[in-house]
>>> print(open('query-v9.cif').read())   # mmCIF, C-alpha atoms
data_upload
loop_
_atom_site.label_atom_id
_atom_site.label_comp_id
_atom_site.auth_asym_id
_atom_site.auth_seq_id
_atom_site.Cartn_x
_atom_site.Cartn_y
_atom_site.Cartn_z
CA MET A 1 17.18 5.37 -15.84
CA SER A 2 15.28 7.00 -18.69
CA ILE A 3 17.35 8.75 -21.35
CA PHE A 4 15.59 12.00 -20.47
CA HIS A 5 16.83 11.73 -16.88
CA HIS A 6 20.45 10.91 -17.71
CA ASN A 7 21.79 14.43 -17.39
CA GLY A 8 19.15 15.83 -15.03
CA GLY A 9 17.66 19.30 -15.05
CA ALA A 10 14.34 21.04 -14.59
CA VAL A 11 12.54 24.06 -15.97
CA CYS A 12 9.29 25.72 -14.89
CA ALA A 13 7.46 28.62 -16.57
CA MET A 14 4.42 30.59 -15.41
CA ILE A 15 2.29 33.49 -16.61
CA GLY A 16 1.13 36.47 -14.62
CA LYS A 17 -0.53 39.81 -15.37
CA GLU A 18 1.35 41.20 -18.38
CA CYS A 19 4.40 39.27 -17.27
CA ALA A 20 5.82 35.79 -17.51
CA ALA A 21 8.62 34.05 -15.67
CA ILE A 22 10.74 30.98 -16.24
CA ALA A 23 13.08 29.25 -13.81
CA THR A 24 15.86 26.74 -14.33
CA ASP A 25 18.21 24.68 -12.18
CA HIS A 26 21.96 24.58 -12.73
CA ARG A 27 22.91 20.92 -12.50
CA LEU A 28 24.56 18.89 -15.24
CA GLY A 29 25.31 15.30 -14.35
CA VAL A 30 26.10 11.92 -15.84
CA GLY A 31 23.74 9.57 -14.04
CA PHE A 32 24.23 10.19 -10.34
CA GLN A 33 27.59 11.88 -10.74
CA LEU A 34 27.71 15.65 -10.86
CA ILE A 35 29.68 17.21 -13.69
CA SER A 36 28.82 20.90 -13.49
CA CYS A 37 26.75 23.17 -11.29
CA GLN A 38 26.85 26.10 -13.69
CA ARG A 39 24.67 24.88 -16.50
CA PRO A 40 21.36 26.74 -16.65
CA LYS A 41 18.92 25.39 -19.20
CA VAL A 42 17.19 28.65 -20.17
CA TYR A 43 18.39 30.95 -22.93
CA GLN A 44 17.13 34.35 -23.94
CA MET A 45 16.07 34.24 -27.58
CA GLY A 46 14.71 37.76 -28.03
CA PRO A 47 14.04 40.95 -26.08
CA LYS A 48 10.95 39.40 -24.50
CA VAL A 49 11.24 35.66 -25.14
CA CYS A 50 13.12 32.91 -23.33
CA VAL A 51 13.41 29.24 -24.15
CA GLY A 52 14.28 26.49 -21.68
CA VAL A 53 15.45 23.11 -22.95
CA THR A 54 15.46 20.06 -20.66
CA GLY A 55 16.35 16.46 -21.31
CA LEU A 56 19.50 14.87 -22.65
CA SER A 57 22.10 17.64 -22.53
CA THR A 58 23.65 17.00 -25.93
CA ASP A 59 20.25 17.15 -27.62
CA ALA A 60 19.22 20.18 -25.56
CA GLN A 61 22.33 22.03 -26.76
CA THR A 62 21.70 21.03 -30.37
CA VAL A 63 18.05 22.07 -30.22
CA TYR A 64 19.07 25.41 -28.71
CA GLU A 65 21.68 26.09 -31.39
CA LYS A 66 19.42 25.06 -34.27
CA LEU A 67 16.60 27.16 -32.84
CA LYS A 68 18.90 30.15 -32.42
CA PHE A 69 19.96 29.85 -36.05
CA ARG A 70 16.38 29.64 -37.30
CA ILE A 71 15.34 32.61 -35.18
CA LYS A 72 18.18 34.69 -36.66
CA MET A 73 17.00 33.72 -40.16
CA TYR A 74 13.42 34.60 -39.19
CA THR A 75 14.55 38.02 -37.93
CA LEU A 76 16.50 38.65 -41.17
CA ARG A 77 13.63 37.64 -43.43
CA GLU A 78 10.71 39.12 -41.47
CA ASP A 79 12.54 42.19 -40.15
CA ARG A 80 10.83 41.85 -36.76
CA GLU A 81 11.29 39.91 -33.53
CA ILE A 82 9.71 36.48 -33.32
CA SER A 83 6.63 36.12 -31.11
CA PRO A 84 6.57 33.29 -28.54
CA LYS A 85 3.66 31.63 -30.32
CA ALA A 86 5.56 31.53 -33.60
CA LEU A 87 8.67 30.30 -31.79
CA THR A 88 6.65 27.47 -30.31
CA ALA A 89 5.37 26.48 -33.74
CA MET A 90 8.92 26.63 -35.11
CA ALA A 91 10.36 24.48 -32.32
CA SER A 92 7.51 22.01 -32.72
CA ALA A 93 8.05 21.69 -36.47
CA MET A 94 11.78 21.28 -35.89
CA ALA A 95 11.15 18.45 -33.41
CA TYR A 96 8.73 16.66 -35.72
CA GLU A 97 11.30 16.75 -38.53
CA ARG A 98 13.06 14.14 -36.41
CA ARG A 99 9.91 12.09 -35.79
CA PHE A 100 11.60 8.68 -36.20
CA GLY A 101 14.90 9.55 -34.53
CA PRO A 102 13.99 12.33 -32.14
CA TYR A 103 16.01 14.74 -30.07
CA PHE A 104 15.65 13.61 -26.45
CA SER A 105 14.84 17.07 -25.22
CA ALA A 106 11.71 19.12 -24.69
CA PRO A 107 11.72 22.89 -25.12
CA VAL A 108 9.66 25.22 -22.93
CA ILE A 109 8.90 28.64 -24.41
CA CYS A 110 8.08 31.65 -22.25
CA GLY A 111 7.56 35.24 -23.27
CA LEU A 112 5.41 38.24 -24.10
CA ASN A 113 4.09 38.94 -27.56
CA ASP A 114 4.19 42.44 -29.07
CA LYS A 115 0.91 43.32 -27.32
CA ASN A 116 2.60 42.36 -24.00
CA GLU A 117 0.30 39.39 -23.48
CA PRO A 118 2.11 36.61 -21.61
CA TYR A 119 2.46 33.19 -23.22
CA VAL A 120 4.01 29.93 -22.09
CA ASN A 121 3.99 26.64 -23.89
CA GLY A 122 5.91 23.43 -23.96
CA MET A 123 6.14 20.29 -26.00
CA ASP A 124 7.35 16.74 -25.77
CA SER A 125 10.39 15.50 -27.66
CA LEU A 126 8.29 14.81 -30.77
CA GLY A 127 6.86 18.29 -30.95
CA ALA A 128 3.38 17.78 -29.47
CA ARG A 129 2.51 21.17 -28.03
CA GLY A 130 0.63 21.78 -24.81
CA ASP A 131 -2.41 23.90 -24.10
CA GLU A 132 -2.18 27.40 -25.65
CA ASN A 133 -3.71 28.96 -22.53
CA ALA A 134 -1.66 27.03 -20.02
CA PRO A 135 -1.08 28.90 -16.77
CA PHE A 136 2.21 27.08 -16.22
CA ILE A 137 4.46 24.57 -17.94
CA VAL A 138 6.85 22.24 -16.14
CA ASP A 139 9.48 19.87 -17.42
CA GLY A 140 12.46 17.93 -16.19
CA THR A 141 13.34 15.20 -13.71
CA CYS A 142 11.14 16.61 -10.97
CA ASP A 143 8.20 17.37 -13.26
CA GLU A 144 5.62 15.69 -11.01
CA SER A 145 6.77 17.66 -7.97
CA LEU A 146 6.72 20.90 -9.98
CA MET A 147 3.24 20.08 -11.27
CA GLY A 148 1.90 19.59 -7.74
CA MET A 149 3.52 22.78 -6.44
CA CYS A 150 2.35 24.94 -9.36
CA GLU A 151 -1.16 23.52 -9.17
CA ALA A 152 -1.37 24.48 -5.50
CA LEU A 153 0.37 27.86 -5.55
CA TRP A 154 -0.40 29.47 -8.93
CA LYS A 155 -3.16 32.01 -9.09
CA PRO A 156 -4.20 34.25 -12.00
CA ASP A 157 -3.13 37.89 -12.49
CA MET A 158 -0.03 38.02 -10.36
CA ASN A 159 2.29 41.01 -10.71
CA PRO A 160 5.99 40.38 -11.54
CA ASP A 161 7.19 40.35 -7.92
CA GLU A 162 4.46 37.96 -6.77
CA LEU A 163 5.05 35.76 -9.80
CA ALA A 164 8.77 35.56 -9.12
CA ALA A 165 8.13 34.70 -5.46
CA VAL A 166 5.65 31.94 -6.31
CA LEU A 167 7.89 30.53 -9.02
CA GLU A 168 10.85 30.54 -6.66
CA LYS A 169 8.85 28.68 -4.01
CA CYS A 170 7.60 26.08 -6.48
CA MET A 171 10.99 25.50 -8.03
CA ALA A 172 13.10 25.53 -4.85
CA ASN A 173 10.94 23.00 -3.03
CA SER A 174 10.73 20.67 -6.01
CA LEU A 175 14.48 20.84 -6.67
CA ASN A 176 15.22 20.16 -3.02
CA ARG A 177 13.43 16.81 -3.30
CA ASP A 178 15.15 15.73 -6.50
CA CYS A 179 18.71 14.47 -6.59
CA LEU A 180 19.05 14.80 -10.37
CA SER A 181 18.35 18.52 -10.51
CA GLY A 182 19.25 21.48 -8.34
CA TRP A 183 22.69 22.90 -7.44
CA GLY A 184 21.43 26.46 -7.86
CA MET A 185 18.50 28.17 -9.52
CA THR A 186 17.95 31.17 -11.80
CA ILE A 187 14.69 33.00 -12.43
CA TYR A 188 14.04 35.06 -15.57
CA VAL A 189 11.16 37.50 -15.27
CA ILE A 190 9.84 38.87 -18.56
CA THR A 191 7.89 42.11 -18.54
CA LYS A 192 7.27 44.78 -21.16
CA ASP A 193 10.61 46.29 -20.15
CA GLY A 194 12.51 43.14 -21.04
CA VAL A 195 14.04 40.17 -19.27
CA SER A 196 15.47 40.49 -15.77
CA THR A 197 17.60 37.64 -14.45
CA ARG A 198 18.09 36.72 -10.82
CA GLU A 199 20.16 33.90 -9.43
CA VAL A 200 18.46 32.52 -6.33
CA GLN A 201 20.66 31.91 -3.28
CA GLY A 202 19.98 29.56 -0.43
CA THR A 203 18.71 26.44 -2.20
CA ARG A 204 20.19 23.09 -1.22
CA MET A 205 23.45 22.46 -3.03
CA ASP A 206 23.21 18.69 -3.23
CA PRO B 207 19.16 -22.29 -37.03
CA ARG B 208 17.74 -24.26 -34.12
CA GLN B 209 13.93 -24.36 -33.74
CA LEU B 210 13.11 -22.46 -30.56
CA GLU B 211 11.03 -24.30 -27.97
CA HIS B 212 7.51 -22.89 -27.49
CA SER B 213 8.26 -21.99 -23.89
CA GLU B 214 11.38 -20.08 -24.95
CA THR B 215 9.50 -17.84 -27.35
CA GLU B 216 6.77 -17.33 -24.78
CA ARG B 217 9.28 -16.38 -22.13
CA ASN B 218 10.60 -13.61 -24.34
CA THR B 219 7.23 -12.09 -25.21
CA MET B 220 4.77 -12.88 -22.41
CA SER B 221 4.82 -10.87 -19.20
CA ARG B 222 5.06 -12.98 -16.12
CA TRP B 223 2.19 -13.09 -13.61
CA SER B 224 2.91 -10.77 -10.69
CA PRO B 225 1.59 -11.22 -7.16
CA TYR B 226 1.45 -7.44 -6.79
CA GLN B 227 -1.00 -4.80 -7.98
CA ASP B 228 -0.89 -1.06 -7.51
CA ASN B 229 -4.31 0.11 -6.34
CA GLY B 230 -3.30 3.76 -6.32
CA GLY B 231 -4.21 6.51 -3.88
CA SER B 232 -2.29 8.83 -1.63
CA CYS B 233 -1.82 9.31 2.09
CA ILE B 234 -0.43 12.24 4.13
CA GLY B 235 0.64 12.38 7.77
CA ILE B 236 1.48 15.53 9.74
CA GLY B 237 2.61 15.57 13.38
CA GLY B 238 2.76 18.73 15.48
CA LYS B 239 2.73 19.89 19.07
CA GLY B 240 -0.18 18.10 20.67
CA TYR B 241 -1.71 16.62 17.52
CA ALA B 242 -1.11 14.21 14.67
CA ILE B 243 -3.18 14.02 11.50
CA ILE B 244 -3.49 11.28 8.90
CA ALA B 245 -5.42 11.89 5.70
CA ALA B 246 -5.92 9.54 2.79
CA ASP B 247 -8.12 9.54 -0.28
CA THR B 248 -10.76 6.86 -0.62
CA ARG B 249 -10.31 5.87 -4.24
CA LEU B 250 -9.43 2.28 -5.15
CA SER B 251 -8.22 1.81 -8.71
CA SER B 252 -6.76 -0.90 -10.91
CA GLY B 253 -5.03 0.32 -14.04
CA PHE B 254 -7.30 2.96 -15.53
CA THR B 255 -10.46 1.69 -13.82
CA VAL B 256 -11.95 2.96 -10.58
CA LEU B 257 -13.01 -0.02 -8.46
CA SER B 258 -14.35 1.91 -5.50
CA ARG B 259 -14.82 5.53 -4.48
CA ASN B 260 -15.23 4.70 -0.81
CA GLN B 261 -12.45 2.40 0.30
CA THR B 262 -10.53 3.42 3.40
CA LYS B 263 -6.75 3.34 3.64
CA ILE B 264 -6.59 4.25 7.31
CA ALA B 265 -6.90 2.02 10.35
CA LYS B 266 -7.07 2.99 13.99
CA LEU B 267 -4.52 1.03 16.00
CA THR B 268 -4.81 2.48 19.51
CA ASP B 269 -6.47 5.55 21.01
CA THR B 270 -3.35 7.55 20.21
CA CYS B 271 -2.06 5.93 17.06
CA VAL B 272 -3.35 5.53 13.51
CA ILE B 273 -1.86 3.95 10.39
CA GLY B 274 -2.46 4.86 6.76
CA SER B 275 -1.11 2.76 3.90
CA ALA B 276 -0.96 3.31 0.16
CA GLY B 277 -0.10 0.69 -2.44
CA MET B 278 -1.80 -2.66 -2.79
CA ALA B 279 -5.22 -2.90 -1.16
CA ALA B 280 -4.97 -6.61 -0.35
CA ASP B 281 -1.61 -6.29 1.39
CA ARG B 282 -2.87 -3.23 3.22
CA ALA B 283 -5.97 -5.03 4.51
CA SER B 284 -3.91 -8.02 5.59
CA LEU B 285 -1.29 -5.85 7.29
CA HIS B 286 -3.83 -3.76 9.18
CA LYS B 287 -5.63 -6.90 10.37
CA ASN B 288 -2.31 -8.43 11.44
CA LEU B 289 -1.32 -5.30 13.39
CA ASP B 290 -4.72 -5.09 15.02
CA THR B 291 -4.46 -8.69 16.22
CA ARG B 292 -0.94 -8.20 17.57
CA LEU B 293 -2.12 -5.11 19.49
CA GLN B 294 -5.02 -7.02 21.00
CA TRP B 295 -2.54 -9.66 22.21
CA TYR B 296 -0.33 -6.89 23.64
CA SER B 297 -3.21 -5.59 25.68
CA TYR B 298 -4.11 -9.08 26.94
CA GLN B 299 -0.53 -9.76 27.96
CA ASN B 300 0.08 -6.34 29.51
CA ASN B 301 -2.95 -5.88 31.68
CA GLY B 302 -4.91 -3.76 29.22
CA ALA B 303 -2.09 -1.33 28.41
CA GLN B 304 -1.65 -0.08 24.85
CA PRO B 305 1.78 0.41 23.28
CA SER B 306 3.02 3.90 22.52
CA VAL B 307 3.29 5.16 18.95
CA HIS B 308 7.06 4.67 19.18
CA GLY B 309 6.62 1.02 20.13
CA ILE B 310 4.14 0.43 17.32
CA SER B 311 6.49 2.08 14.85
CA ARG B 312 9.25 -0.37 15.76
CA MET B 313 6.85 -3.33 15.62
CA LEU B 314 5.71 -2.39 12.13
CA SER B 315 9.28 -1.99 10.95
CA ASN B 316 10.11 -5.50 12.14
CA THR B 317 6.91 -6.90 10.63
CA LEU B 318 7.83 -5.44 7.25
CA TYR B 319 11.45 -6.58 7.35
CA TYR B 320 10.32 -10.09 8.27
CA ARG B 321 9.00 -10.20 4.70
CA ARG B 322 12.22 -8.81 3.23
CA PHE B 323 12.28 -11.30 0.32
CA PHE B 324 8.56 -11.20 -0.50
CA PRO B 325 7.61 -7.69 0.58
CA ILE B 326 4.27 -6.38 1.72
CA TYR B 327 3.35 -3.88 -1.00
CA ALA B 328 2.19 -1.20 1.35
CA PHE B 329 3.79 2.22 1.86
CA ASN B 330 2.89 3.09 5.41
CA ILE B 331 2.59 6.16 7.53
CA VAL B 332 2.05 5.74 11.26
CA ALA B 333 0.90 8.86 13.09
CA GLY B 334 0.29 9.34 16.76
CA VAL B 335 0.65 11.40 19.87
CA ASP B 336 2.92 10.09 22.58
CA SER B 337 2.54 10.41 26.33
CA ASN B 338 4.35 13.78 26.36
CA ASP B 339 1.85 15.24 23.88
CA ILE B 340 4.36 15.20 21.03
CA GLY B 341 2.79 14.45 17.66
CA VAL B 342 4.98 12.35 15.39
CA VAL B 343 4.72 10.72 11.99
CA TYR B 344 6.71 7.60 11.16
CA SER B 345 7.25 7.00 7.47
CA TYR B 346 8.14 3.62 5.97
CA ASP B 347 9.30 2.07 2.75
CA ALA B 348 8.01 -1.36 1.72
CA ILE B 349 10.60 -3.31 3.70
CA GLY B 350 10.56 -1.46 6.99
CA CYS B 351 13.01 1.43 6.78
CA VAL B 352 11.50 3.86 9.26
CA GLU B 353 12.14 7.46 10.20
CA PRO B 354 10.35 9.83 12.58
CA LEU B 355 9.29 12.97 10.73
CA THR B 356 7.00 15.95 11.12
CA HIS B 357 5.32 15.28 7.79
CA SER B 358 5.22 12.63 5.11
CA ALA B 359 3.31 11.65 1.99
CA ALA B 360 2.90 8.15 0.55
CA GLY B 361 1.34 6.67 -2.55
CA SER B 362 0.81 7.86 -6.10
CA GLY B 363 0.62 11.56 -5.22
CA THR B 364 3.85 11.61 -3.18
CA ALA B 365 5.90 13.54 -5.73
CA LEU B 366 3.15 16.15 -6.05
CA MET B 367 2.49 16.60 -2.34
CA ASP B 368 5.89 16.21 -0.64
CA PRO B 369 7.39 19.51 -1.87
CA LEU B 370 4.20 21.38 -0.90
CA LEU B 371 4.45 19.99 2.64
CA ASP B 372 8.16 20.85 2.71
CA SER B 373 7.47 24.45 1.72
CA GLU B 374 5.36 24.99 4.85
CA LEU B 375 6.97 22.58 7.28
CA ARG B 376 10.62 21.97 6.50
CA GLY B 377 13.06 24.77 7.23
CA LYS B 378 15.77 25.88 4.84
CA TYR B 379 18.20 23.35 6.25
CA TYR B 380 16.87 19.91 7.02
CA LYS B 381 17.28 18.88 10.63
CA ALA B 382 16.41 15.34 11.68
CA PHE B 383 13.52 14.96 14.09
CA PHE B 384 14.20 13.05 17.33
CA PRO B 385 10.95 12.67 19.29
CA ASP B 386 12.77 11.68 22.50
CA GLN B 387 14.81 14.91 22.44
CA VAL B 388 11.62 16.90 21.93
CA SER B 389 9.90 14.98 24.75
CA SER B 390 12.74 15.65 27.17
CA GLY B 391 12.64 19.35 26.35
CA GLN B 392 16.10 19.51 24.73
CA GLU B 393 14.57 20.74 21.48
CA PRO B 394 11.39 22.47 20.50
CA HIS B 395 8.95 20.67 18.23
CA PRO B 396 10.08 21.50 14.67
CA ASN B 397 6.49 21.77 13.44
CA ASN B 398 4.96 25.07 14.54
CA LEU B 399 1.66 24.83 12.66
CA THR B 400 -1.55 24.58 14.63
CA LYS B 401 -3.97 21.72 14.08
CA ASP B 402 -6.25 23.85 11.89
CA GLU B 403 -3.37 25.21 9.80
CA ALA B 404 -2.16 21.66 9.25
CA LEU B 405 -5.63 20.60 8.13
CA GLU B 406 -5.79 23.51 5.66
CA LEU B 407 -2.39 22.47 4.30
CA ILE B 408 -3.63 18.91 3.84
CA LYS B 409 -6.69 20.16 1.94
CA LYS B 410 -4.42 22.20 -0.33
CA CYS B 411 -2.22 19.17 -0.98
CA PHE B 412 -5.06 16.85 -1.90
CA LYS B 413 -6.77 19.47 -4.07
CA ALA B 414 -3.54 19.90 -6.03
CA ALA B 415 -2.85 16.17 -6.24
CA SER B 416 -6.39 15.33 -7.39
CA GLU B 417 -6.00 17.74 -10.32
CA ARG B 418 -2.92 16.08 -11.75
CA ASP B 419 -2.81 12.52 -10.41
CA ILE B 420 -5.39 10.19 -11.90
CA TYR B 421 -5.26 7.77 -8.96
CA THR B 422 -6.08 10.40 -6.33
CA GLY B 423 -9.65 11.59 -6.05
CA ASP B 424 -13.21 11.21 -4.70
CA THR B 425 -13.13 11.89 -0.94
CA VAL B 426 -10.38 12.41 1.62
CA GLU B 427 -10.79 10.76 4.99
CA VAL B 428 -9.01 12.58 7.83
CA LYS B 429 -8.25 11.35 11.33
CA ILE B 430 -7.00 13.91 13.87
CA ILE B 431 -5.32 12.44 16.93
CA THR B 432 -4.94 14.39 20.15
CA LYS B 433 -4.57 13.20 23.70
CA GLU B 434 -8.33 13.54 24.02
CA GLY B 435 -8.88 10.92 21.32
CA ILE B 436 -9.38 10.58 17.59
CA GLU B 437 -11.61 12.94 15.61
CA ASN B 438 -12.88 11.90 12.18
CA THR B 439 -13.58 14.30 9.35
CA SER B 440 -13.63 14.23 5.57
CA PHE B 441 -13.78 16.49 2.54
CA ASP B 442 -14.49 16.00 -1.15
CA ILE B 443 -12.04 16.43 -3.99
CA ARG B 444 -12.33 15.94 -7.74
CA ALA B 445 -14.05 12.71 -8.69
CA ASP B 446 -12.88 12.52 -12.32
#
>>> encode(input="query-v9.cif", output="structure tokens")
Amino acid sequence: MSIFHHNGGAVCAMIGKECAAIATDHRLGVGFQLISCQRPKVYQMGPKVCVGVTGLSTDAQTVYEKLKFRIKMYTLREDREISPKALTAMASAMAYERRFGPYFSAPVICGLNDKNEPYVNGMDSLGARGDENAPFIVDGTCDESLMGMCEALWKPDMNPDELAAVLEKCMANSLNRDCLSGWGMTIYVITKDGVSTREVQGTRMD
Amino acid sequence: PRQLEHSETERNTMSRWSPYQDNGGSCIGIGGKGYAIIAADTRLSSGFTVLSRNQTKIAKLTDTCVIGSAGMAADRASLHKNLDTRLQWYSYQNNGAQPSVHGISRMLSNTLYYRRFFPIYAFNIVAGVDSNDIGVVYSYDAIGCVEPLTHSAAGSGTALMDPLLDSELRGKYYKAFFPDQVSSGQEPHPNNLTKDEALELIKKCFKAASERDIYTGDTVEVKIITKEGIENTSFDIRAD
């Protein structure tokens, strides 16, 4: 099994009309054994920015903590909140610092900038960023399933409720087909009013 | 240190010749009340090259049963020919009768397990309508593990298409599908889509898969089986 699939986990982020949403599963495992079903992979890094980190759990935790530290330093120095685009660049640079001994995790950034324009982006473990105008970013053990679902169900200019419903459908069905991720699901919807969190009930707990 | 033999160094670095090849492509089967549909793309690839844009993956077995196989083209062609021959013999030995889709499903499972230690590299879906107008899809792995389902995907686009089919067709809690219980009226058919809704779902699946899977593309060939017979249709998807 690939090192990225050792602990399991999946994250999916999408943009809508002046809103963005990111979803995570809750499983933490060691190979096929389950360790915890209360381990979401998404963290809120600012009033309108969330970051999801998939991959090897130890590296995901380290990347999250290092990123949190650097964001706090950014906020102190710049005296303003970090925009998702800048956060992406920061995470990418941080990953490339470890070019020849990388962190086995891939961050997914999701948020609104100060003009309330939605932005999602992701990168691989070496810091190669995706398309700036991506409609959705997927990562994790069921990334192919998520890709197929998002490709079929995403449409432009969805309002927050529609976006959450589509994201839930994409995520739930992909997690249900993957044994390495699942065990619960949380959706974070980011609008100009901030981040609202919702734990989704009724997904397969296996 | 000992001088390594030439064959020893080669063994460590050279990749061994393999009798198998993955020629790519995807296949979907959906079975509902009174119909069964098989759809497969027509692209044949090898590595990053497209060898043909018009190579079928589907074969008609009887008037009520069709098989679609993804995986290796050579093994698929050989398997379909083999099945066709066996079915001709069945009809000679049984006064012109044709086996039911359930019978064919069991025959294919045995055929595949016969080659347990040198498998046929074909991932099959058998779809058909039985005598009680129940549409069913039988899904296989390479060595003959078979299960009756209402929907299945096979091939390179499986991971992309399976969850999309689930979202429309599989309820919140998975319940196994037993065609004989549906036939005898003990249970309703779990698939409540009409034939046209199922076809629209298939189009959606292939359009999504062709965007993100490099081995799926060109045209999709569709065979719709009802008790009246088999209807052929096709639609285009991305050719890049």
>>> closest_atom_pairs(input="query-v9.cif", of="chain B", to="chain A", cutoff="8 Å", atoms="only C-alpha atoms", output="Markdown table")
| residue | atom | partner | partner_atom | distance |
| --- | --- | --- | --- | --- |
| B:Ala365 | CA | A:Ser145 | CA | 4.8 |
| B:Leu366 | CA | A:Gly148 | CA | 4.0 |
| B:Met367 | CA | A:Gly148 | CA | 6.2 |
| B:Asp368 | CA | A:Ser145 | CA | 7.5 |
| B:Pro369 | CA | A:Asn173 | CA | 5.1 |
| B:Leu370 | CA | A:Met149 | CA | 5.8 |
| B:Asp372 | CA | A:Asn173 | CA | 6.7 |
| B:Ser373 | CA | A:Asn173 | CA | 6.1 |
| B:Lys378 | CA | A:Thr203 | CA | 7.6 |
| B:Tyr379 | CA | A:Arg204 | CA | 7.7 |
| B:Lys410 | CA | A:Ala152 | CA | 6.4 |
| B:Cys411 | CA | A:Ala152 | CA | 7.0 |
| B:Lys413 | CA | A:Ala152 | CA | 7.5 |
| B:Ala414 | CA | A:Ala152 | CA | 5.1 |
| B:Ala415 | CA | A:Gly148 | CA | 6.0 |
| B:Glu417 | CA | A:Glu151 | CA | 7.6 |
| B:Arg418 | CA | A:Gly148 | CA | 7.2 |
>>> write_last_selection(input="query-v9.cif", atoms="C-alpha atoms", output="compact mmCIF listing (two decimals), in the coordinates of the input")
# COMPACT_ATOMS: atom_id res chain seq x y z
CA ALA B 365 5.90 13.54 -5.73
CA LEU B 366 3.15 16.15 -6.05
CA MET B 367 2.49 16.60 -2.34
CA ASP B 368 5.89 16.21 -0.64
CA PRO B 369 7.39 19.51 -1.87
CA LEU B 370 4.20 21.38 -0.90
CA ASP B 372 8.16 20.85 2.71
CA SER B 373 7.47 24.45 1.72
CA LYS B 378 15.77 25.88 4.84
CA TYR B 379 18.20 23.35 6.25
CA LYS B 410 -4.42 22.20 -0.33
CA CYS B 411 -2.22 19.17 -0.98
CA LYS B 413 -6.77 19.47 -4.07
CA ALA B 414 -3.54 19.90 -6.03
CA ALA B 415 -2.85 16.17 -6.24
CA GLU B 417 -6.00 17.74 -10.32
CA ARG B 418 -2.92 16.08 -11.75
>>> atom_distance(input="query-v9.cif", atom1="CA of Pro107 in chain A", atom2="CA of Glu162 in chain A")
24.8 Å
>>> resolve_selection(input="query-v9.cif", expression="the PyMOL selection byres ((chain B and resi 341) around 7)", output="PyMOL selection string")
chain B and resi 237-242+334-336+339-340+342
>>> atom_distance(input="query-v9.cif", atom1="CA of Ile236 in chain B", atom2="CA of Val388 in chain B")
15.9 Å
>>> resolve_selection(input="query-v9.cif", expression="the PyMOL selection byres ((chain A and resi 65-79) around 9)", output="number ranges by chain")
A: 45-46, 60-64, 80-82, 87, 90-91, 94
>>> closest_residue(input="query-v9.cif", among="B:Tyr296, B:Asp269, B:Ala445, B:Gly235", to="Pro354 in chain B", atoms="only C-alpha atoms")
B:Gly235
>>> decode(input="query-v9.cif", residues="range 250-273 of chain B", atoms="C-alpha atoms", output="mmCIF file, in the first residue's frame")
data_model
loop_
_atom_site.group_PDB
_atom_site.id
_atom_site.type_symbol
_atom_site.label_atom_id
_atom_site.label_comp_id
_atom_site.auth_asym_id
_atom_site.auth_seq_id
_atom_site.Cartn_x
_atom_site.Cartn_y
_atom_site.Cartn_z
ATOM 1 C CA LEU B 250 -8.663 0.669 -27.502
ATOM 2 C CA SER B 251 -5.401 1.891 -25.992
ATOM 3 C CA SER B 252 -1.968 0.573 -25.148
ATOM 4 C CA GLY B 253 0.004 2.653 -22.693
ATOM 5 C CA PHE B 254 -0.439 6.262 -23.786
ATOM 6 C CA THR B 255 -1.306 5.406 -27.402
ATOM 7 C CA VAL B 256 -4.771 5.063 -28.870
ATOM 8 C CA LEU B 257 -4.868 1.980 -31.102
ATOM 9 C CA SER B 258 -8.482 2.239 -32.187
ATOM 10 C CA ARG B 259 -11.420 4.578 -31.649
ATOM 11 C CA ASN B 260 -13.967 2.037 -32.822
ATOM 12 C CA GLN B 261 -13.380 -1.267 -31.088
ATOM 13 C CA THR B 262 -16.370 -2.866 -29.421
ATOM 14 C CA LYS B 263 -16.281 -4.333 -25.928
ATOM 15 C CA ILE B 264 -19.794 -5.747 -26.022
ATOM 16 C CA ALA B 265 -21.018 -9.035 -27.455
ATOM 17 C CA LYS B 266 -24.561 -10.272 -27.837
ATOM 18 C CA LEU B 267 -24.909 -13.737 -26.341
ATOM 19 C CA THR B 268 -28.625 -14.502 -26.673
ATOM 20 C CA ASP B 269 -31.725 -12.452 -27.494
ATOM 21 C CA THR B 270 -32.014 -11.532 -23.825
ATOM 22 C CA CYS B 271 -28.424 -11.447 -22.658
ATOM 23 C CA VAL B 272 -25.388 -9.333 -23.481
ATOM 24 C CA ILE B 273 -21.833 -9.297 -22.121
#
